[in-house]
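What follows is the content of upload.csv, which has CSV, N, CA and C atoms and all ligand atoms:
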```csv
chain,number,residue,atom,x,y,z
A,1,MET,N,13.9,-3.0,9.7
A,1,MET,CA,15.2,-2.7,10.3
A,1,MET,C,15.8,-1.4,9.6
A,2,LEU,N,16.2,-0.5,10.3
A,2,LEU,CA,16.9,0.7,9.8
A,2,LEU,C,18.4,0.5,9.9
A,3,PHE,N,19.1,1.0,9.0
A,3,PHE,CA,20.6,0.8,9.1
A,3,PHE,C,21.2,2.1,9.6
A,4,ARG,N,22.0,2.0,10.6
A,4,ARG,CA,22.7,3.2,11.1
A,4,ARG,C,24.2,3.1,10.8
A,5,ALA,N,24.7,4.2,10.2
A,5,ALA,CA,26.1,4.2,9.9
A,5,ALA,C,26.7,5.6,10.0
A,6,PRO,N,27.9,5.7,10.4
A,6,PRO,CA,28.6,7.0,10.5
A,6,PRO,C,28.7,7.6,9.1
A,7,TYR,N,28.7,8.9,9.0
A,7,TYR,CA,28.8,9.6,7.7
A,7,TYR,C,30.1,9.1,7.0
A,8,SER,N,29.9,8.8,5.7
A,8,SER,CA,31.1,8.4,4.9
A,8,SER,C,30.8,9.0,3.5
A,9,ALA,N,31.7,9.8,3.0
A,9,ALA,CA,31.5,10.4,1.6
A,9,ALA,C,31.1,9.4,0.6
A,10,GLU,N,31.7,8.2,0.8
A,10,GLU,CA,31.5,7.1,-0.2
A,10,GLU,C,30.0,6.6,-0.2
A,11,LEU,N,29.3,6.7,0.9
A,11,LEU,CA,28.0,6.1,1.1
A,11,LEU,C,26.9,7.1,1.0
A,12,VAL,N,27.1,8.3,0.5
A,12,VAL,CA,26.0,9.2,0.3
A,12,VAL,C,26.0,9.7,-1.1
A,13,VAL,N,24.9,10.1,-1.6
A,13,VAL,CA,24.8,10.7,-2.9
A,13,VAL,C,25.4,12.1,-2.8
A,14,GLN,N,26.4,12.4,-3.6
A,14,GLN,CA,27.1,13.7,-3.5
A,14,GLN,C,26.2,14.8,-3.9
A,15,GLY,N,26.2,15.9,-3.1
A,15,GLY,CA,25.4,17.1,-3.5
A,15,GLY,C,24.0,17.0,-3.0
A,16,VAL,N,23.6,15.9,-2.4
A,16,VAL,CA,22.3,15.8,-1.9
A,16,VAL,C,22.2,16.0,-0.4
A,17,ASP,N,21.4,16.9,0.1
A,17,ASP,CA,21.4,17.2,1.5
A,17,ASP,C,20.3,16.3,2.2
A,18,CYS,N,20.3,16.4,3.5
A,18,CYS,CA,19.2,15.7,4.2
A,18,CYS,C,17.9,16.4,3.9
A,19,THR,N,16.9,15.7,3.3
A,19,THR,CA,15.7,16.4,2.8
A,19,THR,C,14.8,16.8,4.0
A,20,ILE,N,15.1,16.4,5.2
A,20,ILE,CA,14.2,16.8,6.3
A,20,ILE,C,14.7,18.2,6.9
A,21,CYS,N,16.0,18.3,7.2
A,21,CYS,CA,16.5,19.6,7.8
A,21,CYS,C,17.1,20.4,6.7
A,22,LEU,N,17.3,19.9,5.5
A,22,LEU,CA,17.9,20.6,4.4
A,22,LEU,C,19.4,21.0,4.7
A,23,SER,N,20.0,20.4,5.6
A,23,SER,CA,21.5,20.6,5.9
A,23,SER,C,22.3,19.5,5.2
A,24,PRO,N,23.5,19.8,4.8
A,24,PRO,CA,24.3,18.8,4.2
A,24,PRO,C,24.8,17.8,5.2
A,25,PHE,N,25.1,16.6,4.7
A,25,PHE,CA,25.7,15.6,5.6
A,25,PHE,C,27.2,16.0,5.8
A,26,ALA,N,27.7,15.7,7.0
A,26,ALA,CA,29.1,16.0,7.2
A,26,ALA,C,29.8,15.0,8.1
A,27,GLU,N,31.1,15.1,8.2
A,27,GLU,CA,31.9,14.2,9.0
A,27,GLU,C,31.3,14.3,10.5
A,28,GLY,N,31.2,13.2,11.1
A,28,GLY,CA,30.8,13.2,12.5
A,28,GLY,C,29.3,12.9,12.6
A,29,ASN,N,28.5,13.1,11.5
A,29,ASN,CA,27.1,12.8,11.5
A,29,ASN,C,26.8,11.3,11.6
A,30,THR,N,25.7,11.0,12.2
A,30,THR,CA,25.2,9.6,12.2
A,30,THR,C,24.1,9.6,11.2
A,31,LEU,N,24.1,8.7,10.2
A,31,LEU,CA,23.1,8.6,9.2
A,31,LEU,C,22.3,7.4,9.4
A,32,ILE,N,21.0,7.5,9.0
A,32,ILE,CA,20.1,6.3,9.0
A,32,ILE,C,19.7,6.0,7.5
A,33,TYR,N,19.9,4.8,7.1
A,33,TYR,CA,19.5,4.4,5.8
A,33,TYR,C,18.2,3.6,5.9
A,34,LEU,N,17.1,4.0,5.2
A,34,LEU,CA,15.9,3.3,5.3
A,34,LEU,C,15.9,2.1,4.4
A,35,PRO,N,15.0,1.1,4.7
A,35,PRO,CA,14.9,-0.1,3.9
A,35,PRO,C,14.0,0.1,2.6
A,36,CYS,N,13.8,1.3,2.2
A,36,CYS,CA,13.1,1.5,1.0
A,36,CYS,C,14.0,1.2,-0.2
A,37,THR,N,13.4,1.1,-1.4
A,37,THR,CA,14.1,0.6,-2.6
A,37,THR,C,15.1,1.7,-3.0
A,38,GLY,N,14.9,2.9,-2.6
A,38,GLY,CA,15.9,4.0,-2.9
A,38,GLY,C,17.0,4.1,-1.9
A,39,TYR,N,17.0,3.2,-0.9
A,39,TYR,CA,17.9,3.3,0.3
A,39,TYR,C,18.2,4.7,0.6
A,40,HIS,N,17.2,5.5,0.8
A,40,HIS,CA,17.3,7.0,1.1
A,40,HIS,C,17.9,7.1,2.5
A,41,HIS,N,18.7,8.1,2.7
A,41,HIS,CA,19.4,8.3,4.0
A,41,HIS,C,19.2,9.7,4.5
A,42,PHE,N,19.2,9.8,5.8
A,42,PHE,CA,19.0,11.1,6.5
A,42,PHE,C,19.8,11.1,7.8
A,43,HIS,N,19.9,12.3,8.4
A,43,HIS,CA,20.5,12.4,9.7
A,43,HIS,C,19.7,11.5,10.7
A,44,GLU,N,20.4,10.9,11.6
A,44,GLU,CA,19.7,10.0,12.5
A,44,GLU,C,18.5,10.8,13.3
A,45,GLN,N,18.9,11.9,13.9
A,45,GLN,CA,17.9,12.6,14.7
A,45,GLN,C,16.7,13.1,13.8
A,46,CYS,N,17.0,13.4,12.6
A,46,CYS,CA,15.9,13.9,11.7
A,46,CYS,C,14.9,12.8,11.3
A,47,ILE,N,15.4,11.7,10.9
A,47,ILE,CA,14.5,10.6,10.4
A,47,ILE,C,13.8,10.0,11.6
A,48,ILE,N,14.4,9.9,12.7
A,48,ILE,CA,13.8,9.3,13.9
A,48,ILE,C,12.6,10.1,14.3
A,49,ALA,N,12.8,11.4,14.3
A,49,ALA,CA,11.7,12.4,14.7
A,49,ALA,C,10.6,12.3,13.6
A,50,TRP,N,11.0,12.2,12.4
A,50,TRP,CA,10.0,12.1,11.3
A,50,TRP,C,9.2,10.8,11.4
A,51,LEU,N,9.8,9.7,11.6
A,51,LEU,CA,9.1,8.4,11.6
A,51,LEU,C,8.2,8.3,12.8
A,52,LYS,N,8.4,9.1,13.8
A,52,LYS,CA,7.4,9.0,14.9
A,52,LYS,C,6.1,9.6,14.5
A,53,ARG,N,6.1,10.5,13.5
A,53,ARG,CA,4.8,11.1,13.1
A,53,ARG,C,4.4,10.6,11.7
A,54,ASN,N,5.3,10.1,10.9
A,54,ASN,CA,5.0,9.7,9.5
A,54,ASN,C,5.7,8.3,9.3
A,55,SER,N,4.9,7.3,9.0
A,55,SER,CA,5.5,6.0,8.7
A,55,SER,C,5.9,5.8,7.3
A,56,VAL,N,6.4,6.8,6.6
A,56,VAL,CA,6.8,6.7,5.2
A,56,VAL,C,8.2,7.3,5.0
A,57,CYS,N,8.8,6.9,4.0
A,57,CYS,CA,10.1,7.5,3.6
A,57,CYS,C,9.7,8.9,3.1
A,58,PRO,N,10.4,10.0,3.6
A,58,PRO,CA,10.1,11.4,3.2
A,58,PRO,C,10.3,11.6,1.7
A,59,ILE,N,11.1,10.8,1.0
A,59,ILE,CA,11.4,11.0,-0.4
A,59,ILE,C,10.5,10.2,-1.3
A,60,CYS,N,10.5,8.9,-1.1
A,60,CYS,CA,9.8,8.0,-2.0
A,60,CYS,C,8.4,7.6,-1.5
A,61,LYS,N,8.1,7.9,-0.2
A,61,LYS,CA,6.8,7.6,0.4
A,61,LYS,C,6.5,6.2,0.6
A,62,GLN,N,7.6,5.3,0.5
A,62,GLN,CA,7.4,3.9,0.7
A,62,GLN,C,7.2,3.8,2.2
A,63,VAL,N,6.2,2.9,2.5
A,63,VAL,CA,5.8,2.7,3.9
A,63,VAL,C,6.9,2.0,4.7
A,64,ILE,N,7.2,2.6,5.9
A,64,ILE,CA,8.2,2.1,6.8
A,64,ILE,C,7.4,1.6,8.0
A,65,THR,N,7.2,0.3,8.1
A,65,THR,CA,6.4,-0.3,9.1
A,65,THR,C,7.0,-0.2,10.5
A,66,GLU,N,6.1,-0.3,11.5
A,66,GLU,CA,6.5,-0.2,12.9
A,66,GLU,C,7.7,-1.1,13.2
A,67,GLN,N,7.7,-2.3,12.7
A,67,GLN,CA,8.8,-3.2,13.1
A,67,GLN,C,10.2,-2.7,12.6
A,68,PHE,N,10.2,-1.8,11.7
A,68,PHE,CA,11.5,-1.3,11.2
A,68,PHE,C,12.0,-0.2,12.0
A,69,ILE,N,11.2,0.4,12.9
A,69,ILE,CA,11.7,1.6,13.7
A,69,ILE,C,12.5,1.1,14.8
A,70,ARG,N,13.7,0.6,14.5
A,70,ARG,CA,14.7,0.1,15.4
A,70,ARG,C,16.0,0.2,14.5
A,71,THR,N,17.0,0.5,15.1
A,71,THR,CA,18.2,0.7,14.3
A,71,THR,C,19.3,-0.4,14.7
A,72,THR,N,20.1,-0.7,13.7
A,72,THR,CA,21.2,-1.6,14.0
A,72,THR,C,22.4,-1.0,13.4
A,73,PRO,N,23.6,-1.2,14.1
A,73,PRO,CA,24.8,-0.7,13.5
A,73,PRO,C,25.2,-1.5,12.3
A,74,ILE,N,25.7,-0.9,11.3
A,74,ILE,CA,26.1,-1.6,10.1
A,74,ILE,C,27.5,-1.2,9.6
A,75,THR,N,28.3,-2.1,9.1
A,75,THR,CA,29.6,-1.7,8.6
A,75,THR,C,29.4,-1.1,7.2
A,76,GLN,N,30.4,-0.4,6.8
A,76,GLN,CA,30.4,0.1,5.4
A,76,GLN,C,30.3,-1.0,4.4
A,77,GLU,N,31.1,-2.0,4.7
A,77,GLU,CA,31.1,-3.2,3.8
A,77,GLU,C,29.7,-3.8,3.6
A,78,ALA,N,29.0,-4.0,4.7
A,78,ALA,CA,27.7,-4.6,4.7
A,78,ALA,C,26.7,-3.7,4.0
A,79,LEU,N,26.9,-2.4,4.2
A,79,LEU,CA,26.0,-1.4,3.6
A,79,LEU,C,26.2,-1.4,2.1
A,80,ARG,N,27.4,-1.5,1.7
A,80,ARG,CA,27.7,-1.5,0.3
A,80,ARG,C,27.1,-2.8,-0.4
A,81,ASN,N,27.2,-3.9,0.3
A,81,ASN,CA,26.6,-5.1,-0.2
A,81,ASN,C,25.1,-5.0,-0.4
A,82,TYR,N,24.5,-4.3,0.6
A,82,TYR,CA,23.1,-4.1,0.6
A,82,TYR,C,22.7,-3.3,-0.6
A,83,PHE,N,23.4,-2.2,-0.8
A,83,PHE,CA,23.1,-1.3,-2.0
A,83,PHE,C,23.2,-2.1,-3.3
A,84,THR,N,24.3,-2.9,-3.4
A,84,THR,CA,24.5,-3.7,-4.6
A,84,THR,C,23.3,-4.6,-4.8
A,85,ALA,N,22.9,-5.3,-3.7
A,85,ALA,CA,21.8,-6.2,-3.8
A,85,ALA,C,20.5,-5.5,-4.3
A,86,VAL,N,20.2,-4.3,-3.7
A,86,VAL,CA,19.0,-3.6,-4.1
A,86,VAL,C,19.1,-3.2,-5.6
A,87,ARG,N,20.2,-2.7,-6.0
A,87,ARG,CA,20.4,-2.3,-7.4
A,87,ARG,C,20.1,-3.5,-8.3
A,88,ARG,N,20.7,-4.7,-8.0
A,88,ARG,CA,20.6,-5.8,-8.8
A,88,ARG,C,19.1,-6.3,-8.9
A,89,ARG,N,18.4,-6.2,-7.8
A,89,ARG,CA,17.0,-6.6,-7.7
A,89,ARG,C,16.2,-5.7,-8.6
A,90,GLU,N,16.4,-4.4,-8.6
A,90,GLU,CA,15.7,-3.5,-9.4
A,90,GLU,C,15.9,-3.8,-10.9
A,91,HIS,N,17.1,-4.1,-11.2
A,91,HIS,CA,17.5,-4.4,-12.6
A,91,HIS,C,16.8,-5.6,-13.1
A,92,GLU,N,16.7,-6.6,-12.2
A,92,GLU,CA,16.1,-7.9,-12.6
A,92,GLU,C,14.6,-7.7,-12.8
A,93,ASP,N,14.0,-6.9,-11.9
A,93,ASP,CA,12.5,-6.7,-12.0
A,93,ASP,C,12.2,-6.0,-13.3
A,94,THR,N,13.0,-5.1,-13.7
A,94,THR,CA,12.7,-4.4,-15.0
A,94,THR,C,12.8,-5.4,-16.2
A,95,ARG,N,13.8,-6.2,-16.2
A,95,ARG,CA,14.0,-7.2,-17.3
A,95,ARG,C,12.9,-8.2,-17.3
A,96,LEU,N,12.4,-8.7,-16.1
A,96,LEU,CA,11.4,-9.6,-16.1
A,96,LEU,C,10.1,-9.1,-16.6
A,97,SER,N,9.7,-7.9,-16.3
A,97,SER,CA,8.5,-7.3,-16.7
A,97,SER,C,8.4,-7.2,-18.2
A,98,HIS,N,9.6,-6.9,-18.8
A,98,HIS,CA,9.6,-6.8,-20.3
A,98,HIS,C,9.4,-8.1,-20.9
A,99,VAL,N,10.0,-9.2,-20.4
A,99,VAL,CA,10.0,-10.5,-20.9
A,99,VAL,C,8.5,-11.1,-20.8
A,100,GLU,N,7.9,-10.8,-19.7
A,100,GLU,CA,6.6,-11.5,-19.4
A,100,GLU,C,5.5,-10.8,-20.2
A,101,HIS,N,5.5,-9.5,-20.3
A,101,HIS,CA,4.3,-8.9,-20.9
A,101,HIS,C,4.1,-9.1,-22.4
A,102,ARG,N,5.2,-9.0,-23.2
A,102,ARG,CA,5.0,-9.0,-24.6
A,102,ARG,C,4.5,-10.3,-25.2
A,103,PRO,N,5.1,-11.5,-24.9
A,103,PRO,CA,4.6,-12.8,-25.5
A,103,PRO,C,3.2,-13.1,-25.0
A,104,LEU,N,2.8,-12.7,-23.8
A,104,LEU,CA,1.4,-13.0,-23.3
A,104,LEU,C,0.4,-12.2,-24.2
A,105,ALA,N,0.7,-10.9,-24.3
A,105,ALA,CA,-0.3,-10.1,-25.1
A,105,ALA,C,-0.4,-10.6,-26.5
A,106,GLY,N,0.7,-10.9,-27.1
A,106,GLY,CA,0.7,-11.4,-28.5
A,106,GLY,C,-0.1,-12.7,-28.6
A,107,ALA,N,0.1,-13.6,-27.7
A,107,ALA,CA,-0.6,-14.9,-27.8
A,107,ALA,C,-2.1,-14.8,-27.7
A,108,PHE,N,-2.5,-14.0,-26.7
A,108,PHE,CA,-4.0,-13.8,-26.5
A,108,PHE,C,-4.6,-13.1,-27.7
A,109,GLY,N,-3.9,-12.1,-28.2
A,109,GLY,CA,-4.5,-11.3,-29.4
A,109,GLY,C,-4.7,-12.3,-30.6
A,110,LYS,N,-3.7,-13.1,-30.8
A,110,LYS,CA,-3.8,-14.0,-32.0
A,110,LYS,C,-4.9,-15.0,-31.8
A,111,GLU,N,-5.0,-15.6,-30.6
A,111,GLU,CA,-6.0,-16.6,-30.4
A,111,GLU,C,-7.4,-16.1,-30.6
A,112,ASP,N,-7.7,-14.8,-30.2
A,112,ASP,CA,-9.0,-14.2,-30.3
A,112,ASP,C,-9.4,-14.1,-31.8
A,113,LYS,N,-8.4,-13.6,-32.6
A,113,LYS,CA,-8.6,-13.4,-34.0
A,113,LYS,C,-8.9,-14.7,-34.7
A,114,ASP,N,-8.2,-15.7,-34.5
A,114,ASP,CA,-8.4,-17.0,-35.1
A,114,ASP,C,-9.8,-17.5,-34.9
A,115,THR,N,-10.2,-17.4,-33.6
A,115,THR,CA,-11.5,-17.9,-33.2
A,115,THR,C,-12.6,-17.2,-34.0
A,116,ASP,N,-12.5,-15.9,-34.0
A,116,ASP,CA,-13.5,-15.1,-34.7
A,116,ASP,C,-13.6,-15.4,-36.2
A,117,GLY,N,-12.4,-15.6,-36.8
A,117,GLY,CA,-12.3,-15.9,-38.2
A,117,GLY,C,-13.0,-17.2,-38.5
A,118,LYS,N,-12.8,-18.3,-37.7
A,118,LYS,CA,-13.4,-19.6,-37.9
A,118,LYS,C,-14.9,-19.5,-37.8
A,119,ASN,N,-15.4,-18.8,-36.8
A,119,ASN,CA,-16.8,-18.7,-36.6
A,119,ASN,C,-17.5,-18.0,-37.8
A,120,GLN,N,-16.8,-17.0,-38.3
A,120,GLN,CA,-17.5,-16.3,-39.4
A,120,GLN,C,-17.5,-17.2,-40.7
A,121,GLU,N,-16.5,-17.9,-40.9
A,121,GLU,CA,-16.4,-18.8,-42.0
A,121,GLU,C,-17.6,-19.9,-41.9
A,122,GLN,N,-17.7,-20.4,-40.7
A,122,GLN,CA,-18.8,-21.5,-40.6
A,122,GLN,C,-20.2,-20.9,-40.8
A,123,GLN,N,-20.4,-19.6,-40.4
A,123,GLN,CA,-21.7,-19.0,-40.5
A,123,GLN,C,-22.0,-18.7,-41.9
A,124,SER,N,-21.1,-18.3,-42.7
A,124,SER,CA,-21.3,-17.9,-44.1
A,124,SER,C,-21.1,-19.1,-45.1
B,201,ZN,ZN,18.8,16.3,8.7
B,202,ZN,ZN,12.9,6.2,0.1
```
Can I see the file as structure tokens?
Ligand SMILES: [Zn+2]
Ligand SMILES: [Zn+2]
Amino acid sequence: MLFRAPYSAELVVQGVDCTICLSPFAEGNTLIYLPCTGYHHFHEQCIIAWLKRNSVCPICKQVITEQFIRTTPITQEALRNYFTAVRRREHEDTRLSHVEHRPLAGAFGKEDKDTDGKNQEQQS
């Protein structure tokens, strides 16, 4: 699902133009927000034309599957909630990967050493 919303200064990254036509976003433009993790946005006509030829986000190359090539109107409130949810998910993913990796690596490393030491003691 693509999100379609009228241009709002609050909902675009300031100073960043549409990366397809290289024109700035302006009042009266209709923007499309992709479901990629960067919630990248483009002019409606630009991204629709792009997606007909390339099924990826022009910025982060995340695959936009066929089922997503349909648009739905979205309110600014809903869009803001969506952004917040995406940011929170990214933050949690980062924290989880830190927590999971370290204890596992440490446990396996220690186990291997202990086994080796015992075997050597028994042999000698
Ligand atoms: Zn554009
Ligand atoms: Zn993207």
Using all atoms listed in the file, find each protein or nucleic acid residue lying at most 8 Å from ligand ZN 201 (chain B); present the set as a list in words. Asp17, Cys18, Thr19, Ile20, Cys21, Leu22, Ser23, Pro24, Phe25, His41, Phe42, His43, Glu44, Gln45, Cys46 and Ile47 of chain A
Which of these residues is nearest to ligand ZN 202 (chain B), using all atoms listed in the file: A:Arg4, A:Glu27, A:His40, A:Ala9? A:His40
Return as a PyMOL selection string the residues of protein, DNA or RNA that approach ligand ZN 202 (chain B) to within 5 Å, with all atoms listed in the file taken into account. chain A and resi 36+38+40+57+59-60
Please compute the CA of Ile32 (chain A)-CA of Arg88 (chain A) distance, one decimal, in Å. 21.5 Å
Just the number, please: distance in Å from atom C of Ile64 (chain A) to atom N of Ala5 (chain A), one decimal. 17.6 Å
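In this model, the gap between CA of Asn29 (chain A) and CA of Asn54 (chain A) comes to 22.4 Å.
Counting all atoms listed in the file and comparing A:Tyr39, A:Thr75, A:Gln14, A:Ser8, the residue that lies closest to Ala26 (chain A) is A:Ser8.
Distances here use only C-alpha atoms; by that measure, the residue among A:Pro6, A:Leu11, A:Gln76, A:Ile48 closest to Gly28 (chain A) is A:Pro6.
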Provide region 35-56 of chain A of the preceding structure as a file containing N, CA and C atoms, as a compact mmCIF listing (two decimals), in the first residue's frame.
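Output below, filename selection34.txt:
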```txt
# COMPACT_ATOMS: atom_id res chain seq x y z
N PRO A 35 6.18 2.37 1.37
CA PRO A 35 6.17 1.57 2.61
C PRO A 35 7.57 1.06 2.97
N CYS A 36 8.60 1.68 2.44
CA CYS A 36 9.96 1.26 2.80
C CYS A 36 10.28 1.78 4.21
N THR A 37 11.33 1.27 4.80
CA THR A 37 11.63 1.64 6.19
C THR A 37 12.05 3.10 6.30
N GLY A 38 12.47 3.71 5.19
CA GLY A 38 12.84 5.12 5.24
C GLY A 38 11.66 6.03 4.95
N TYR A 39 10.48 5.44 4.76
CA TYR A 39 9.26 6.15 4.34
C TYR A 39 9.60 7.28 3.38
N HIS A 40 10.34 6.94 2.33
CA HIS A 40 10.75 7.93 1.34
C HIS A 40 9.55 8.42 0.54
N HIS A 41 9.58 9.68 0.17
CA HIS A 41 8.43 10.27 -0.49
C HIS A 41 8.84 11.00 -1.77
N PHE A 42 7.89 11.03 -2.70
CA PHE A 42 8.13 11.58 -4.03
C PHE A 42 6.85 12.22 -4.54
N HIS A 43 6.96 13.00 -5.63
CA HIS A 43 5.76 13.48 -6.29
C HIS A 43 4.97 12.27 -6.77
N GLU A 44 3.67 12.38 -6.72
CA GLU A 44 2.84 11.25 -7.13
C GLU A 44 3.15 10.81 -8.56
N GLN A 45 3.16 11.76 -9.49
CA GLN A 45 3.36 11.39 -10.90
C GLN A 45 4.76 10.80 -11.13
N CYS A 46 5.74 11.27 -10.37
CA CYS A 46 7.12 10.78 -10.53
C CYS A 46 7.25 9.33 -10.08
N ILE A 47 6.76 9.04 -8.88
CA ILE A 47 6.97 7.69 -8.34
C ILE A 47 6.08 6.66 -9.04
N ILE A 48 4.90 7.07 -9.47
CA ILE A 48 4.04 6.11 -10.18
C ILE A 48 4.69 5.70 -11.50
N ALA A 49 5.24 6.69 -12.21
CA ALA A 49 5.93 6.39 -13.48
C ALA A 49 7.15 5.51 -13.21
N TRP A 50 7.86 5.81 -12.13
CA TRP A 50 9.07 5.05 -11.77
C TRP A 50 8.72 3.60 -11.44
N LEU A 51 7.67 3.41 -10.64
CA LEU A 51 7.31 2.06 -10.18
C LEU A 51 6.82 1.17 -11.32
N LYS A 52 6.37 1.79 -12.41
CA LYS A 52 5.94 0.98 -13.56
C LYS A 52 7.13 0.30 -14.21
N ARG A 53 8.31 0.88 -14.04
CA ARG A 53 9.50 0.31 -14.66
C ARG A 53 10.43 -0.35 -13.65
N ASN A 54 10.43 0.16 -12.40
CA ASN A 54 11.32 -0.38 -11.37
C ASN A 54 10.52 -0.65 -10.11
N SER A 55 10.58 -1.86 -9.59
CA SER A 55 9.80 -2.19 -8.39
C SER A 55 10.63 -1.99 -7.13
N VAL A 56 11.38 -0.90 -7.08
CA VAL A 56 12.17 -0.62 -5.88
C VAL A 56 12.05 0.85 -5.53
```
